[in-house]
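The next block is protein_29.txt, given as compact mmCIF, C-alpha atoms.
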# COMPACT_ATOMS: atom_id res chain seq x y z
CA MET A 1 0.00 0.00 0.00
CA LEU A 2 2.80 2.43 0.85
CA ALA A 3 4.28 1.88 -2.60
CA LEU A 4 1.03 1.74 -4.58
CA VAL A 5 -1.01 4.66 -3.25
CA PRO A 6 1.58 7.41 -4.00
CA ALA A 7 2.12 6.01 -7.50
CA VAL A 8 -1.60 5.93 -8.22
CA ILE A 9 -2.16 9.45 -6.89
CA ALA A 10 0.88 10.85 -8.73
CA GLY A 11 0.02 9.14 -12.00
CA PHE A 12 -3.63 10.16 -12.21
CA ARG A 13 -5.48 13.42 -11.77
CA PHE A 14 -8.54 12.60 -9.72
CA SER A 15 -11.75 14.57 -9.39
CA ARG A 16 -14.19 14.38 -6.48
CA GLN A 17 -16.80 16.46 -8.31
CA GLY A 18 -19.50 13.80 -8.36
CA GLU A 19 -19.98 11.42 -11.27
CA ALA A 20 -20.13 14.08 -14.01
CA PHE A 21 -17.60 13.51 -16.79
CA ASN A 22 -14.54 15.71 -16.52
CA PRO A 23 -12.20 15.49 -19.54
CA GLU A 24 -9.29 16.81 -17.45
CA ALA A 25 -9.53 14.28 -14.60
CA ASN A 26 -10.29 10.70 -13.67
CA ARG A 27 -13.16 9.83 -11.34
CA TYR A 28 -11.84 9.02 -7.88
CA ARG A 29 -14.06 5.93 -7.75
CA GLU A 30 -12.30 4.60 -10.85
CA GLY A 31 -9.00 5.13 -9.05
CA ALA A 32 -10.23 3.13 -6.08
CA ARG A 33 -11.42 0.36 -8.40
CA PHE A 34 -8.05 0.34 -10.17
CA LEU A 35 -6.24 0.10 -6.83
CA SER A 36 -8.46 -2.82 -5.84
CA VAL A 37 -7.45 -4.69 -9.00
CA LEU A 38 -3.78 -4.22 -8.14
CA LEU A 39 -4.32 -5.54 -4.60
CA GLU A 40 -6.22 -8.63 -5.72
CA GLU A 41 -4.28 -11.88 -5.66
CA ARG A 42 -4.34 -13.43 -9.13
CA PRO A 43 -2.04 -15.61 -11.28
CA ALA A 44 -1.45 -12.90 -13.89
CA LEU A 45 -2.24 -9.30 -14.73
CA GLU A 46 -2.02 -8.20 -18.37
CA VAL A 47 -2.22 -4.52 -19.33
CA GLU A 48 -2.50 -2.99 -22.80
CA ILE A 49 -1.55 0.67 -23.31
CA GLY A 50 -2.08 2.71 -26.42
CA PRO A 51 -2.37 3.90 -28.97
CA CYS A 52 -0.21 7.00 -29.28
CA ALA A 53 -2.24 9.51 -31.31
CA HIS A 54 0.81 11.48 -32.54
CA ARG A 55 -0.86 14.79 -31.79
CA ALA A 56 0.84 18.10 -32.38
CA GLY A 57 -0.06 21.75 -32.05
CA VAL A 58 -2.59 23.17 -34.49
CA SER A 59 -0.40 26.20 -35.17
CA ASN A 60 2.70 24.04 -35.75
CA PRO A 61 1.58 20.53 -36.77
CA LEU A 62 5.08 19.04 -36.87
CA MET A 63 6.01 15.78 -35.21
CA PRO A 64 9.17 15.90 -33.09
CA GLU A 65 12.01 13.83 -34.47
CA HIS A 66 12.08 11.72 -31.30
CA VAL A 67 9.73 10.76 -28.51
CA SER A 68 10.53 12.65 -25.30
CA SER A 69 12.89 10.29 -23.48
CA THR A 70 12.11 11.91 -20.12
CA GLY A 71 8.36 11.70 -20.65
CA ALA A 72 8.46 8.12 -21.94
CA HIS A 73 10.63 6.88 -19.06
CA ARG A 74 8.41 8.68 -16.56
CA MET A 75 5.29 7.05 -18.01
CA VAL A 76 6.76 3.54 -18.01
CA ALA A 77 8.25 4.01 -14.53
CA PHE A 78 4.82 4.97 -13.17
CA VAL A 79 3.32 1.84 -14.72
CA ALA A 80 6.14 -0.32 -13.34
CA ALA A 81 5.74 1.18 -9.86
CA ARG A 82 2.09 0.16 -9.82
CA LEU A 83 2.40 -3.30 -11.33
CA ASP A 84 5.65 -4.27 -9.56
CA ASN A 85 3.85 -3.73 -6.26
CA SER A 86 0.65 -5.50 -7.29
CA ARG A 87 -0.20 -8.90 -5.89
CA ALA A 88 -0.38 -10.60 -9.28
CA GLY A 89 1.96 -13.50 -9.79
CA ARG A 90 2.95 -12.42 -13.32
CA ARG A 91 2.64 -8.91 -14.78
CA THR A 92 2.91 -8.01 -18.45
CA VAL A 93 2.41 -4.70 -20.26
CA SER A 94 1.99 -4.30 -24.02
CA VAL A 95 2.35 -0.80 -25.50
CA SER A 96 0.89 -0.30 -28.99
CA GLN A 97 1.99 2.38 -31.42
CA GLN A 98 1.69 3.09 -35.13
CA THR A 99 4.58 2.06 -37.37
CA ALA A 100 5.37 3.21 -40.93
CA THR A 101 2.49 1.62 -42.85
CA ASP A 102 -0.30 3.09 -44.96
CA ARG A 103 -2.57 2.98 -41.92
CA ALA A 104 -0.58 5.88 -40.50
CA ALA A 105 -2.80 8.08 -42.68
CA GLY A 106 -5.70 7.25 -40.39
CA THR A 107 -4.04 7.01 -36.99
CA VAL A 108 -1.75 10.04 -37.08
CA ASP A 109 -3.61 13.23 -36.20
CA SER A 110 -5.37 14.48 -39.34
CA LEU A 111 -3.88 18.01 -39.11
CA VAL A 112 -0.40 16.52 -38.87
CA PHE A 113 -0.94 14.18 -41.82
CA ARG A 114 -2.44 16.97 -43.95
CA HIS A 115 0.56 19.21 -43.27
CA TYR A 116 3.08 16.60 -44.42
CA ALA A 117 0.92 15.63 -47.41
CA LEU A 118 0.68 19.23 -48.65
CA GLU A 119 4.43 19.67 -48.17
CA GLY A 120 5.14 16.47 -50.13
CA LYS A 121 6.93 14.99 -47.12
CA LEU A 122 5.00 11.81 -46.41
CA GLU A 123 8.24 9.84 -46.61
CA HIS A 124 9.64 11.99 -43.79
CA LEU A 125 6.45 11.50 -41.79
CA LEU A 126 6.73 7.71 -42.11
CA ARG A 127 10.39 7.78 -41.09
CA THR A 128 9.45 9.85 -38.03
CA VAL A 129 6.64 7.48 -37.10
CA ASP A 130 9.07 4.55 -37.27
CA GLN A 131 11.63 6.49 -35.23
CA HIS A 132 9.02 7.08 -32.53
CA ALA A 133 8.31 3.34 -32.49
CA ASP A 134 12.04 2.61 -32.13
CA ASP A 135 12.29 5.15 -29.30
CA ILE A 136 9.42 3.49 -27.42
CA ARG A 137 10.92 0.02 -28.01
CA ALA A 138 14.20 1.18 -26.45
CA VAL A 139 12.48 2.62 -23.38
CA LEU A 140 10.40 -0.53 -22.89
CA ALA A 141 13.46 -2.77 -23.31
CA TRP A 142 15.34 -0.89 -20.57
CA HIS A 143 12.47 -1.11 -18.09
CA ASP A 144 11.92 -4.76 -19.00
CA THR A 145 15.42 -5.52 -17.64
CA VAL A 146 15.11 -3.60 -14.35
CA SER A 147 11.45 -4.21 -13.50
CA ALA A 148 9.53 -7.20 -12.16
CA THR A 149 6.99 -6.40 -14.89
CA ARG A 150 7.52 -7.61 -18.44
CA PHE A 151 7.22 -4.81 -21.02
CA GLY A 152 6.70 -5.36 -24.75
CA PHE A 153 5.95 -3.39 -27.91
CA ALA A 154 3.10 -4.18 -30.32
CA PRO A 155 2.50 -2.53 -33.74
CA LEU A 156 -0.89 -0.87 -33.98
CA ASP A 157 -1.92 -2.38 -37.34
CA PRO A 158 -3.37 -5.65 -35.96
CA PHE A 159 -5.62 -3.61 -33.67
CA SER A 160 -6.64 -1.39 -36.61
CA GLU A 161 -7.55 -4.49 -38.61
CA LEU A 162 -9.82 -5.68 -35.79
CA VAL A 163 -11.50 -2.26 -35.68
CA GLU A 164 -12.04 -2.30 -39.46
CA ARG A 165 -13.58 -5.77 -39.35
CA ASP A 166 -15.83 -4.76 -36.48
CA MET A 167 -16.96 -1.62 -38.32
CA GLU A 168 -17.77 -3.65 -41.46
CA GLU A 169 -19.66 -6.21 -39.42
CA VAL A 170 -21.78 -3.55 -37.70
CA PHE A 171 -22.19 -0.86 -40.40
CA GLY A 172 -21.53 -2.67 -43.69
CA PRO A 173 -18.62 -2.48 -46.19
CA ASP A 174 -18.68 1.33 -46.49
CA TRP A 175 -19.41 1.94 -42.78
CA THR A 176 -22.48 4.08 -43.56
CA GLY A 177 -25.39 1.66 -43.18
CA ALA A 178 -27.65 1.07 -40.23
CA PRO A 179 -26.29 -1.37 -37.63
CA THR A 180 -27.01 -4.94 -38.70
CA ASP A 181 -27.43 -5.92 -35.06
CA PRO A 182 -28.42 -2.76 -33.16
CA ARG A 183 -26.85 -2.61 -29.71
CA TRP A 184 -28.70 0.56 -28.73
CA SER A 185 -32.13 2.11 -29.27
CA GLY A 186 -32.66 4.62 -32.08
CA GLY A 187 -33.12 8.31 -31.36
CA GLY A 188 -31.30 8.24 -28.04
CA THR A 189 -28.12 9.95 -26.91
CA LEU A 190 -25.91 6.98 -27.81
CA ASP A 191 -27.51 6.71 -31.25
CA SER A 192 -26.79 10.39 -31.92
CA ALA A 193 -23.21 9.97 -30.74
CA VAL A 194 -22.70 6.98 -33.04
CA GLU A 195 -24.04 8.91 -36.04
CA GLU A 196 -21.70 11.80 -35.23
CA ALA A 197 -18.73 9.49 -34.86
CA LYS A 198 -19.34 7.68 -38.16
CA GLY A 199 -18.38 10.80 -40.09
CA LYS A 200 -15.10 11.10 -38.21
CA MET A 201 -14.39 7.38 -38.62
CA ALA A 202 -14.64 7.74 -42.41
CA ARG A 203 -11.07 9.04 -42.59
CA PHE A 204 -9.86 5.63 -41.39
CA MET A 205 -11.37 3.92 -44.44
CA ARG A 206 -9.01 2.59 -47.06
CA ASP A 207 -9.82 1.81 -50.68
CA ALA A 208 -7.62 -0.62 -52.58
CA PRO A 209 -4.48 -1.65 -50.64
CA LEU A 210 -1.63 0.74 -51.39
CA ASP A 211 1.77 -0.36 -52.68
CA LEU A 212 3.64 1.77 -50.16
CA ASP A 213 7.12 0.84 -51.41
CA ARG A 214 6.19 1.88 -54.96
CA LEU A 215 4.78 5.21 -53.75
CA LEU A 216 7.94 5.91 -51.77
CA ARG A 217 10.11 5.14 -54.80
CA LEU A 218 8.02 7.52 -56.94
CA HIS A 219 8.38 10.17 -54.29
CA LYS A 220 12.16 9.77 -54.05
CA ASP A 221 12.57 9.89 -57.85
CA SER A 222 10.42 13.00 -58.30
CA GLU A 223 10.85 16.66 -57.49

Here is the file; what I need is its structure written in the form of structure tokens.
Amino acid sequence: MLALVPAVIAGFRFSRQGEAFNPEANRYREGARFLSVLLEERPALEVEIGPCAHRAGVSNPLMPEHVSSTGAHRMVAFVAARLDNSRAGRRTVSVSQQTATDRAAGTVDSLVFRHYALEGKLEHLLRTVDQHADDIRAVLAWHDTVSATRFGFAPLDPFSELVERDMEEVFGPDWTGAPTDPRWSGGGTLDSAVEEAKGKMARFMRDAPLDLDRLLRLHKDSE
């Protein structure tokens, strides 16, 4: 408890302002529930973290060349402090992040992608995305050697494929139809939220699979 409680309090910003959603804070009851999970005796505890959204400022939508080493180590150290002191017999953490594939067009912040596309620098964007993945791998590898928790890296694409299949199953091939198996009643708040979200999800759609290597070669050979 002496090890866990400070790490939980330091790593989360809690709000005691009732149950109303606060985008800048976590509900304190969720924090208590999370702490209870850590204190429960169990054979294994598996945690998935991600994805990194690669956000940048609207006024300067440039991705940094490297992930902040200080910030990344701080994040992983907070996770290790919690899980190392949990009562689970085995603890594993998988951190997902986008790598340099054509799906980066959907998972990188749209303002960032648009900036690099208009500048004709998609190759640079992909190199930066891969560099970020390498930076995270290095941080995870270091903590994996010094922590009682096992840390690993997972590319984001398999998760994206699951999301795409789920969207097709629910909304049809073009993601615009009515749910084939409605999981909520029409006309309600959730229904309105789903309709609003479908427009934003459209930017994740892909047409024919892209030959990324060919596009990169064309880009390198052109002006």

Between A:Glu169, A:Glu40, A:Glu195, A:Asp144, which is the closest to His73 (chain A) once you count all atoms listed in the file?
-> A:Asp144

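For the residues A:Ala77, A:Leu156, A:Ala72, A:Leu83, ranking by smallest atom-to-atom distance to Thr101 (chain A) using all atoms listed in the file places A:Leu156 first.
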
Counting only C-alpha atoms, figure out which residue out of A:Val67, A:Leu45, A:Met1, A:Val194 gets nearest to Arg150 (chain A).
-> A:Leu45

Skipping near chain neighbours, those fewer than 5 positions away, what residues fall within 7 Å of Arg42 (chain A) using all atoms listed in the file, listed as a VMD selection string?
-> chain A and resid 87 to 89

Taking (-4.4, -6.4, -7.9) in the file's coordinates, which residues come within 12 Å, counting only C-alpha atoms, written as a PDB file with C-alpha atoms, keeping the file's coordinate frame?
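After the write, point25.pdb holds the following:
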ATOM      1  CA  MET A   1       0.000   0.000   0.000  1.00  0.00           C
ATOM      2  CA  LEU A   4       1.030   1.740  -4.580  1.00  0.00           C
ATOM      3  CA  ALA A  32     -10.230   3.130  -6.080  1.00  0.00           C
ATOM      4  CA  ARG A  33     -11.420   0.360  -8.400  1.00  0.00           C
ATOM      5  CA  PHE A  34      -8.050   0.340 -10.170  1.00  0.00           C
ATOM      6  CA  LEU A  35      -6.240   0.100  -6.830  1.00  0.00           C
ATOM      7  CA  SER A  36      -8.460  -2.820  -5.840  1.00  0.00           C
ATOM      8  CA  VAL A  37      -7.450  -4.690  -9.000  1.00  0.00           C
ATOM      9  CA  LEU A  38      -3.780  -4.220  -8.140  1.00  0.00           C
ATOM     10  CA  LEU A  39      -4.320  -5.540  -4.600  1.00  0.00           C
ATOM     11  CA  GLU A  40      -6.220  -8.630  -5.720  1.00  0.00           C
ATOM     12  CA  GLU A  41      -4.280 -11.880  -5.660  1.00  0.00           C
ATOM     13  CA  ARG A  42      -4.340 -13.430  -9.130  1.00  0.00           C
ATOM     14  CA  PRO A  43      -2.040 -15.610 -11.280  1.00  0.00           C
ATOM     15  CA  ALA A  44      -1.450 -12.900 -13.890  1.00  0.00           C
ATOM     16  CA  LEU A  45      -2.240  -9.300 -14.730  1.00  0.00           C
ATOM     17  CA  GLU A  46      -2.020  -8.200 -18.370  1.00  0.00           C
ATOM     18  CA  VAL A  47      -2.220  -4.520 -19.330  1.00  0.00           C
ATOM     19  CA  ARG A  82       2.090   0.160  -9.820  1.00  0.00           C
ATOM     20  CA  LEU A  83       2.400  -3.300 -11.330  1.00  0.00           C
ATOM     21  CA  ASP A  84       5.650  -4.270  -9.560  1.00  0.00           C
ATOM     22  CA  ASN A  85       3.850  -3.730  -6.260  1.00  0.00           C
ATOM     23  CA  SER A  86       0.650  -5.500  -7.290  1.00  0.00           C
ATOM     24  CA  ARG A  87      -0.200  -8.900  -5.890  1.00  0.00           C
ATOM     25  CA  ALA A  88      -0.380 -10.600  -9.280  1.00  0.00           C
ATOM     26  CA  GLY A  89       1.960 -13.500  -9.790  1.00  0.00           C
ATOM     27  CA  ARG A  90       2.950 -12.420 -13.320  1.00  0.00           C
ATOM     28  CA  ARG A  91       2.640  -8.910 -14.780  1.00  0.00           C
TER      29      ARG A  91
END

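When only C-alpha atoms are used to measure the gap to Ala138 (chain A), the shortest distance among A:Thr99, A:Ser185, A:Ser69, A:Asn60 belongs to A:Ser69.
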
Between A:Gly177, A:Pro158, A:Gly188, A:Pro6, smallest distance to Arg103 (chain A) by all atoms listed in the file belongs to A:Pro158

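The residue that comes closest to Met63 (chain A), out of A:Asp213, A:Asp109, A:Asp102, A:Glu48 and on the basis of all atoms listed in the file, is A:Asp109.
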
Which polymer residues have any atom within 12 Å of an atom of Phe12 (chain A), counting only C-alpha atoms, with same-chain residues fewer than 4 positions away left out, as number ranges by chain?
-> A: 5-8, 24-28, 30-32, 34-35, 75, 78-79, 82

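Coordinates place CA of Pro155 (chain A) at a distance of 18.9 Å from CA of Phe113 (chain A).
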
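Put simply, CA of Pro173 (chain A) is 22.6 Å away from CA of Ser110 (chain A).
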
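One distance worth recording is that between CA of Trp184 (chain A) and CA of Asp157 (chain A), which is 28.3 Å.
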
May I have the residues within 12 Å of Ala117 (chain A) as a CSV table (one decimal) with C-alpha atoms, in the frame of the given file, using only C-alpha atoms and disregarding those fewer than 6 positions away in the same chain?
chain,number,residue,atom,x,y,z
A,61,PRO,CA,1.6,20.5,-36.8
A,62,LEU,CA,5.1,19.0,-36.9
A,105,ALA,CA,-2.8,8.1,-42.7
A,110,SER,CA,-5.4,14.5,-39.3
A,111,LEU,CA,-3.9,18.0,-39.1
A,123,GLU,CA,8.2,9.8,-46.6
A,124,HIS,CA,9.6,12.0,-43.8
A,125,LEU,CA,6.4,11.5,-41.8
A,126,LEU,CA,6.7,7.7,-42.1
A,219,HIS,CA,8.4,10.2,-54.3

Find the residues around Asp134 (chain A) up to 12 Å (all atoms listed in the file counted), leave out those fewer than 2 positions away in its own chain, and share them as a PyMOL selection string.
-> chain A and resi 65-67+69+96-100+127-132+136-141+153-155

N, CA, C and O atoms modelled onto region 150-171 of chain A, as an mmCIF file, keeping the file's coordinate frame:
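The resulting file, part-v1.cif, is shown below:
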data_model
loop_
_atom_site.group_PDB
_atom_site.id
_atom_site.type_symbol
_atom_site.label_atom_id
_atom_site.label_comp_id
_atom_site.auth_asym_id
_atom_site.auth_seq_id
_atom_site.Cartn_x
_atom_site.Cartn_y
_atom_site.Cartn_z
ATOM 1 N N ARG A 150 7.021 -7.413 -17.087
ATOM 2 C CA ARG A 150 7.520 -7.610 -18.440
ATOM 3 C C ARG A 150 6.863 -6.586 -19.361
ATOM 4 O O ARG A 150 5.645 -6.444 -19.406
ATOM 5 N N PHE A 151 7.697 -5.836 -20.101
ATOM 6 C CA PHE A 151 7.220 -4.810 -21.020
ATOM 7 C C PHE A 151 7.510 -5.233 -22.456
ATOM 8 O O PHE A 151 8.599 -5.715 -22.761
ATOM 9 N N GLY A 152 6.523 -5.023 -23.345
ATOM 10 C CA GLY A 152 6.700 -5.360 -24.750
ATOM 11 C C GLY A 152 6.038 -4.338 -25.654
ATOM 12 O O GLY A 152 5.161 -3.584 -25.228
ATOM 13 N N PHE A 153 6.474 -4.316 -26.915
ATOM 14 C CA PHE A 153 5.950 -3.390 -27.910
ATOM 15 C C PHE A 153 5.092 -4.151 -28.908
ATOM 16 O O PHE A 153 5.429 -5.270 -29.301
ATOM 17 N N ALA A 154 3.970 -3.552 -29.331
ATOM 18 C CA ALA A 154 3.100 -4.180 -30.320
ATOM 19 C C ALA A 154 2.725 -3.157 -31.384
ATOM 20 O O ALA A 154 2.253 -2.069 -31.053
ATOM 21 N N PRO A 155 2.953 -3.447 -32.682
ATOM 22 C CA PRO A 155 2.500 -2.530 -33.740
ATOM 23 C C PRO A 155 0.984 -2.349 -33.667
ATOM 24 O O PRO A 155 0.257 -3.250 -33.249
ATOM 25 N N LEU A 156 0.525 -1.196 -34.090
ATOM 26 C CA LEU A 156 -0.890 -0.870 -33.980
ATOM 27 C C LEU A 156 -1.747 -1.514 -35.070
ATOM 28 O O LEU A 156 -2.957 -1.682 -34.896
ATOM 29 N N ASP A 157 -1.138 -1.898 -36.201
ATOM 30 C CA ASP A 157 -1.920 -2.380 -37.340
ATOM 31 C C ASP A 157 -2.855 -3.542 -37.018
ATOM 32 O O ASP A 157 -4.010 -3.547 -37.471
ATOM 33 N N PRO A 158 -2.429 -4.564 -36.265
ATOM 34 C CA PRO A 158 -3.370 -5.650 -35.960
ATOM 35 C C PRO A 158 -4.621 -5.157 -35.237
ATOM 36 O O PRO A 158 -5.728 -5.649 -35.500
ATOM 37 N N PHE A 159 -4.464 -4.182 -34.350
ATOM 38 C CA PHE A 159 -5.620 -3.610 -33.670
ATOM 39 C C PHE A 159 -6.506 -2.868 -34.673
ATOM 40 O O PHE A 159 -7.737 -2.970 -34.635
ATOM 41 N N SER A 160 -5.876 -2.111 -35.591
ATOM 42 C CA SER A 160 -6.640 -1.390 -36.610
ATOM 43 C C SER A 160 -7.437 -2.353 -37.475
ATOM 44 O O SER A 160 -8.584 -2.071 -37.860
ATOM 45 N N GLU A 161 -6.847 -3.495 -37.804
ATOM 46 C CA GLU A 161 -7.550 -4.490 -38.610
ATOM 47 C C GLU A 161 -8.780 -5.017 -37.876
ATOM 48 O O GLU A 161 -9.839 -5.226 -38.486
ATOM 49 N N LEU A 162 -8.666 -5.225 -36.573
ATOM 50 C CA LEU A 162 -9.820 -5.680 -35.790
ATOM 51 C C LEU A 162 -10.913 -4.614 -35.795
ATOM 52 O O LEU A 162 -12.105 -4.934 -35.910
ATOM 53 N N VAL A 163 -10.516 -3.345 -35.667
ATOM 54 C CA VAL A 163 -11.500 -2.260 -35.680
ATOM 55 C C VAL A 163 -12.208 -2.212 -37.025
ATOM 56 O O VAL A 163 -13.437 -2.070 -37.097
ATOM 57 N N GLU A 164 -11.448 -2.339 -38.126
ATOM 58 C CA GLU A 164 -12.040 -2.300 -39.460
ATOM 59 C C GLU A 164 -13.038 -3.436 -39.656
ATOM 60 O O GLU A 164 -14.126 -3.237 -40.202
ATOM 61 N N ARG A 165 -12.670 -4.628 -39.206
ATOM 62 C CA ARG A 165 -13.580 -5.770 -39.350
ATOM 63 C C ARG A 165 -14.840 -5.557 -38.523
ATOM 64 O O ARG A 165 -15.953 -5.889 -38.960
ATOM 65 N N ASP A 166 -14.679 -5.008 -37.334
ATOM 66 C CA ASP A 166 -15.830 -4.760 -36.480
ATOM 67 C C ASP A 166 -16.746 -3.708 -37.105
ATOM 68 O O ASP A 166 -17.974 -3.840 -37.075
ATOM 69 N N MET A 167 -16.159 -2.653 -37.676
ATOM 70 C CA MET A 167 -16.960 -1.620 -38.320
ATOM 71 C C MET A 167 -17.739 -2.188 -39.499
ATOM 72 O O MET A 167 -18.919 -1.864 -39.707
ATOM 73 N N GLU A 168 -17.089 -3.038 -40.324
ATOM 74 C CA GLU A 168 -17.770 -3.650 -41.460
ATOM 75 C C GLU A 168 -18.892 -4.569 -41.008
ATOM 76 O O GLU A 168 -19.966 -4.608 -41.610
ATOM 77 N N GLU A 169 -18.648 -5.292 -39.932
ATOM 78 C CA GLU A 169 -19.660 -6.210 -39.420
ATOM 79 C C GLU A 169 -20.890 -5.443 -38.925
ATOM 80 O O GLU A 169 -22.027 -5.877 -39.133
ATOM 81 N N VAL A 170 -20.671 -4.293 -38.293
ATOM 82 C CA VAL A 170 -21.780 -3.550 -37.700
ATOM 83 C C VAL A 170 -22.444 -2.630 -38.716
ATOM 84 O O VAL A 170 -23.675 -2.556 -38.797
ATOM 85 N N PHE A 171 -21.644 -1.912 -39.542
ATOM 86 C CA PHE A 171 -22.190 -0.860 -40.400
ATOM 87 C C PHE A 171 -22.104 -1.162 -41.898
ATOM 88 O O PHE A 171 -22.438 -0.319 -42.716
#
